[in-house]
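> Sharing a structure below in structure tokens format, with a few things to ask.
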Amino acid sequence: MSSLTEKDRPIVQLLLNTGTCPRCILRFCCVGSQTLYRHPYKDLMKDLKEFLKNNQEKEDTVCSDVVDPPCKRIRLEHTEEGPGDLNHNGALQQIPSVNDGNTAMEDSAVKVCNVCLGILQEFCEVDFVKKVCQKVNSADYQFTSFVFSVSLPPQLSVRERAAWLLVKQEMGKLGLSLAKDDIVQLKEAYKWIIHPQLSEELGVPADGKSLFEVSVVFAHPETEDECRFLATACPDCFKPAKNKQSVFTRMAVIKALEKIKEEDFLKHFPCPPSSPKNLCVAVEIQCNNGAVFVAGRYNKYSRNLPQTPWIIDGERKLESSVEELISEHLMAEFKADSFNFSSSGREDVDVRTLGNGRPFAIELVNPRRIRFTAEEMKGLQQTINNSSDKIQVRDLQLVTRSAIGRMKEGEEEKTKTYSALIWTDKAIQKEDIAFLDDIKELKLDQKTPLRVLHRRPLAVRCRIIHTMQSEYIDEHHFRLHLKTQAGTYIKEFVHGDFGRTKPNIGSLLNRTADILELDVESVDVDWPPTLDN
């Protein structure tokens, strides 16, 4: 444990007298022992009183239980004299010595701390911890660990700066210096205190890498009043943002504090910081689970079903989609807030996807339930398949975020197999289309199709038809099986799109051709892994 020594005595006396809480005093004395901050508030106050009463020639400690190496320390240096004892008009105020130590310390024990605004006082107590845990438990999340985050009122940085300037001046009189970075950060000290309590109450460990986050947002009614002088001194640091209710964000205040000169700061903000009128308020206690990712392959059997919701100018064109038929069941089982759907390519609304199906992945945002066995995933897959005759899914499984990248890898290189039902205006015989079977690696130049020009940039794309196999039906119809490079526009390859795709089936046959039906027969992506369904 880092201990208080004789050189800390003037700091302890000064800060206690100005209304600073015991834990903030430990921070400014650079005490790095986590266990010490967890001691009951009243015990810490009592220990500080005892410390001030002891013989000044002894280097006494507040406690002497466990010896930890200090993580912060005061540097003993001879420093140049800073500004003199300044008052509120650009100066540090004269702090009277604590003649009646007991009275001063009793007062500071009951007042809201003038540095942390009560964060290291009331919000470290059991009642608040229980309140946080009740919120977590009522949200009904599955989790095996947690990470705790806290958002503090921006003016705490301002008050800390004022307290630091006060302490720095006092130490300068003793030939000592205190760098701002040596002070234990308020957030760090708060987490040292709160982590063990939350862990015990929730029954799981705190883990910085946990995907389950418990967050508390603190606010204070005097934030704008206390930070307004910074906006006047450094206006370029405070710019309105659409998603921010106030320009006085933590980052903006910190940026302004880095720019403002020390003497200008002291002209506009009291040093020591004045006793606050109000305590901080915990305005928000939230829980959030990291996203869960589910992957699989889907077949689409309907020629009247889009992959994603079909909405034009705010009007829905079709009642459902592949995305919705799959995700509604996953959302219900995982109890997620929202989802993001992605797939290896997409088919048109009137195109079926057959064979082994098309790979897809769904990101489930903030799920309450995260643990599913293989059998439970198989049951969920069956539920989806029983809910509609328009789609079926297979190989449904939990995957990692990084694994989804494999679905997108090599999209331009992968191949797809199609089956197209083609009509011709002029009568054909079997021998008229037989030559198509002999064409290999046919190169196409495809200008962006007219039907997608509203959402795709105008460009000419080179695509390859690897193989074709024709199947004669009658004088005006035949079926064509194609293996192509991914990204090939098959409909345009058949009818030519008014000459925007060259060559095309119409030009190869020297007649008008059109496509009546199109099926995707395979998407050659070896992901996700095949399961024994």
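We label chains A, B, ... in the order they appear in the structure tokens, count residues from 1 in each chain, and number ligands from 1 in the order shown.
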Please give the complete set of residues from segment 422-474 of chain A that DSSP, run on the backbone, assigns to strand (DSSP E), formatted as a PyMOL selection string.
chain A and resi 422-424+442-447+460-474
> Store the residues picked out above, limited to C-alpha atoms, as a PDB file, in the first residue's frame.

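Resulting contents of result-v7.pdb:
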```
ATOM      1  CA  ILE A 422     -35.311 -18.504 -72.278  1.00  0.00           C
ATOM      2  CA  TRP A 423     -37.779 -17.467 -74.978  1.00  0.00           C
ATOM      3  CA  THR A 424     -36.865 -16.529 -78.566  1.00  0.00           C
ATOM      4  CA  LEU A 442     -16.827 -16.139 -72.599  1.00  0.00           C
ATOM      5  CA  LYS A 443     -15.898 -12.563 -71.665  1.00  0.00           C
ATOM      6  CA  LEU A 444     -18.674 -10.014 -71.312  1.00  0.00           C
ATOM      7  CA  ASP A 445     -18.690  -6.239 -71.067  1.00  0.00           C
ATOM      8  CA  GLN A 446     -21.655  -5.270 -68.917  1.00  0.00           C
ATOM      9  CA  LYS A 447     -22.654  -1.662 -68.550  1.00  0.00           C
ATOM     10  CA  VAL A 460     -18.627  -1.126 -67.520  1.00  0.00           C
ATOM     11  CA  ARG A 461     -17.786  -4.368 -65.747  1.00  0.00           C
ATOM     12  CA  CYS A 462     -15.939  -7.270 -67.284  1.00  0.00           C
ATOM     13  CA  ARG A 463     -17.523 -10.611 -66.339  1.00  0.00           C
ATOM     14  CA  ILE A 464     -16.945 -14.212 -67.437  1.00  0.00           C
ATOM     15  CA  ILE A 465     -19.367 -16.991 -68.395  1.00  0.00           C
ATOM     16  CA  HIS A 466     -17.307 -20.092 -67.584  1.00  0.00           C
ATOM     17  CA  THR A 467     -19.582 -22.732 -69.127  1.00  0.00           C
ATOM     18  CA  MET A 468     -23.078 -23.117 -70.648  1.00  0.00           C
ATOM     19  CA  GLN A 469     -25.269 -26.143 -71.212  1.00  0.00           C
ATOM     20  CA  SER A 470     -28.455 -25.860 -73.266  1.00  0.00           C
ATOM     21  CA  GLU A 471     -31.615 -27.947 -72.883  1.00  0.00           C
ATOM     22  CA  TYR A 472     -34.071 -27.712 -75.802  1.00  0.00           C
ATOM     23  CA  ILE A 473     -37.785 -27.497 -74.880  1.00  0.00           C
ATOM     24  CA  ASP A 474     -39.713 -26.375 -77.998  1.00  0.00           C
TER      25      ASP A 474
END
```
> Name the residues in contact with segment 198-203 of chain A at a cut-off of 9 Å, using only C-alpha atoms, excluding same-chain residues fewer than 6 positions from it; report them as a PyMOL selection string.
chain A and resi 129-130+132-133+136-137+144-146+148
> Could you list, as a PyMOL selection string, every residue within 12 Å of segment 307-314 of chain A, counting only C-alpha atoms and ignoring same-chain residues fewer than 4 positions away?
chain A and resi 298-303+318-327+340-353+358+360+390-391
> Need the shell around Arg368 of chain A: protein/DNA/RNA residues with any atom at most 8 Å away, counting only C-alpha atoms. Skip same-chain ones fewer than 4 positions apart. Format as an MDAnalysis selection string?
chainID A and resid 139:142 289 334:336
> List the spatial neighbours of segment 407-409 of chain A as a compact mmCIF listing (two decimals) with all heavy atoms, in the first residue's frame - criterion: any atom at most 8 Å away, only C-alpha atoms, same-chain residues fewer than 2 positions off excluded.

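Contents of the output file selection_37.txt:
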```txt
# COMPACT_ATOMS: atom_id res chain seq x y z
N SER A 343 -25.44 -11.06 -46.55
CA SER A 343 -25.42 -12.33 -47.28
C SER A 343 -24.36 -12.30 -48.36
O SER A 343 -23.81 -11.24 -48.69
CB SER A 343 -26.79 -12.61 -47.92
OG SER A 343 -27.10 -11.62 -48.88
N SER A 344 -24.10 -13.46 -48.92
CA SER A 344 -23.15 -13.57 -50.02
C SER A 344 -23.89 -13.31 -51.32
O SER A 344 -24.37 -14.22 -51.97
CB SER A 344 -22.51 -14.96 -50.03
OG SER A 344 -21.55 -15.06 -51.07
N PRO A 359 -25.28 -18.39 -48.51
CA PRO A 359 -24.79 -18.07 -47.16
C PRO A 359 -25.31 -16.72 -46.67
O PRO A 359 -25.38 -15.76 -47.44
CB PRO A 359 -23.27 -18.03 -47.35
CG PRO A 359 -23.01 -18.83 -48.58
CD PRO A 359 -24.18 -18.59 -49.47
N PHE A 360 -25.66 -16.68 -45.38
CA PHE A 360 -26.11 -15.42 -44.78
C PHE A 360 -25.60 -15.36 -43.34
O PHE A 360 -25.21 -16.36 -42.74
CB PHE A 360 -27.64 -15.31 -44.81
CG PHE A 360 -28.34 -16.22 -43.83
CD1 PHE A 360 -28.64 -15.81 -42.53
CD2 PHE A 360 -28.68 -17.52 -44.20
CE1 PHE A 360 -29.27 -16.65 -41.63
CE2 PHE A 360 -29.31 -18.38 -43.30
CZ PHE A 360 -29.60 -17.94 -42.01
N ALA A 403 -15.39 -14.41 -38.22
CA ALA A 403 -15.70 -15.48 -39.17
C ALA A 403 -16.58 -15.00 -40.31
O ALA A 403 -16.54 -15.55 -41.43
CB ALA A 403 -16.37 -16.64 -38.45
N ILE A 404 -17.38 -13.96 -40.06
CA ILE A 404 -18.28 -13.45 -41.10
C ILE A 404 -17.49 -12.92 -42.29
O ILE A 404 -17.95 -12.95 -43.43
CB ILE A 404 -19.20 -12.36 -40.52
CG1 ILE A 404 -20.16 -13.00 -39.51
CG2 ILE A 404 -19.99 -11.66 -41.60
CD1 ILE A 404 -21.07 -12.02 -38.82
N GLY A 405 -16.27 -12.46 -42.02
CA GLY A 405 -15.44 -11.96 -43.10
C GLY A 405 -15.20 -12.99 -44.18
O GLY A 405 -15.02 -12.64 -45.35
N GLU A 411 -15.45 -12.42 -53.05
CA GLU A 411 -16.76 -12.37 -53.69
C GLU A 411 -16.65 -12.24 -55.21
O GLU A 411 -17.46 -12.78 -55.94
CB GLU A 411 -17.58 -11.20 -53.12
CG GLU A 411 -18.35 -11.57 -51.87
CD GLU A 411 -19.52 -10.63 -51.60
OE1 GLU A 411 -19.48 -9.49 -52.10
OE2 GLU A 411 -20.46 -11.04 -50.92
N VAL A 525 -19.51 -20.80 -52.17
CA VAL A 525 -18.76 -20.28 -51.03
C VAL A 525 -18.78 -21.34 -49.95
O VAL A 525 -19.86 -21.76 -49.51
CB VAL A 525 -19.40 -18.97 -50.51
CG1 VAL A 525 -18.66 -18.49 -49.27
CG2 VAL A 525 -19.38 -17.90 -51.59
N TRP A 527 -18.78 -21.71 -46.84
CA TRP A 527 -19.04 -21.11 -45.53
C TRP A 527 -20.52 -20.83 -45.41
O TRP A 527 -21.15 -20.48 -46.40
CB TRP A 527 -18.26 -19.80 -45.37
CG TRP A 527 -18.30 -19.25 -43.96
CD1 TRP A 527 -17.43 -19.53 -42.96
CD2 TRP A 527 -19.27 -18.35 -43.42
NE1 TRP A 527 -17.81 -18.86 -41.81
CE2 TRP A 527 -18.93 -18.12 -42.07
CE3 TRP A 527 -20.40 -17.72 -43.92
CZ2 TRP A 527 -19.68 -17.30 -41.24
CZ3 TRP A 527 -21.15 -16.91 -43.11
CH2 TRP A 527 -20.79 -16.69 -41.78
N PRO A 528 -21.11 -20.98 -44.23
CA PRO A 528 -20.52 -21.51 -42.99
C PRO A 528 -20.31 -23.02 -43.08
O PRO A 528 -20.80 -23.66 -44.02
CB PRO A 528 -21.59 -21.15 -41.95
CG PRO A 528 -22.88 -21.18 -42.70
CD PRO A 528 -22.55 -20.65 -44.06
```
> Between atom CA of Phe339 of chain A and atom CA of Glu363 of chain A, what distance in Å does the model show, to one decimal?
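So the two atoms, atom CA of Phe339 of chain A and atom CA of Glu363 of chain A, lie 5.3 Å apart.
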> Kindly indicate which residue among A:His39, A:His195, A:Lys168, A:Arg159 lies nearest to Ile11 of chain A, using only C-alpha atoms for the distances.
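With only C-alpha atoms as the atom set, the closest residue is A:Lys168.
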> DSSP says alpha helix (DSSP H) for which residues of segment 110-173 of chain A? Put them as JSON, numbers by chain?
{"A": [110, 126, 127, 128, 129, 130, 131, 132, 133, 134, 135, 136, 137, 138, 155, 156, 157, 158, 159, 160, 161, 162, 163, 164, 165, 166, 167, 168, 169, 170, 171, 172, 173]}
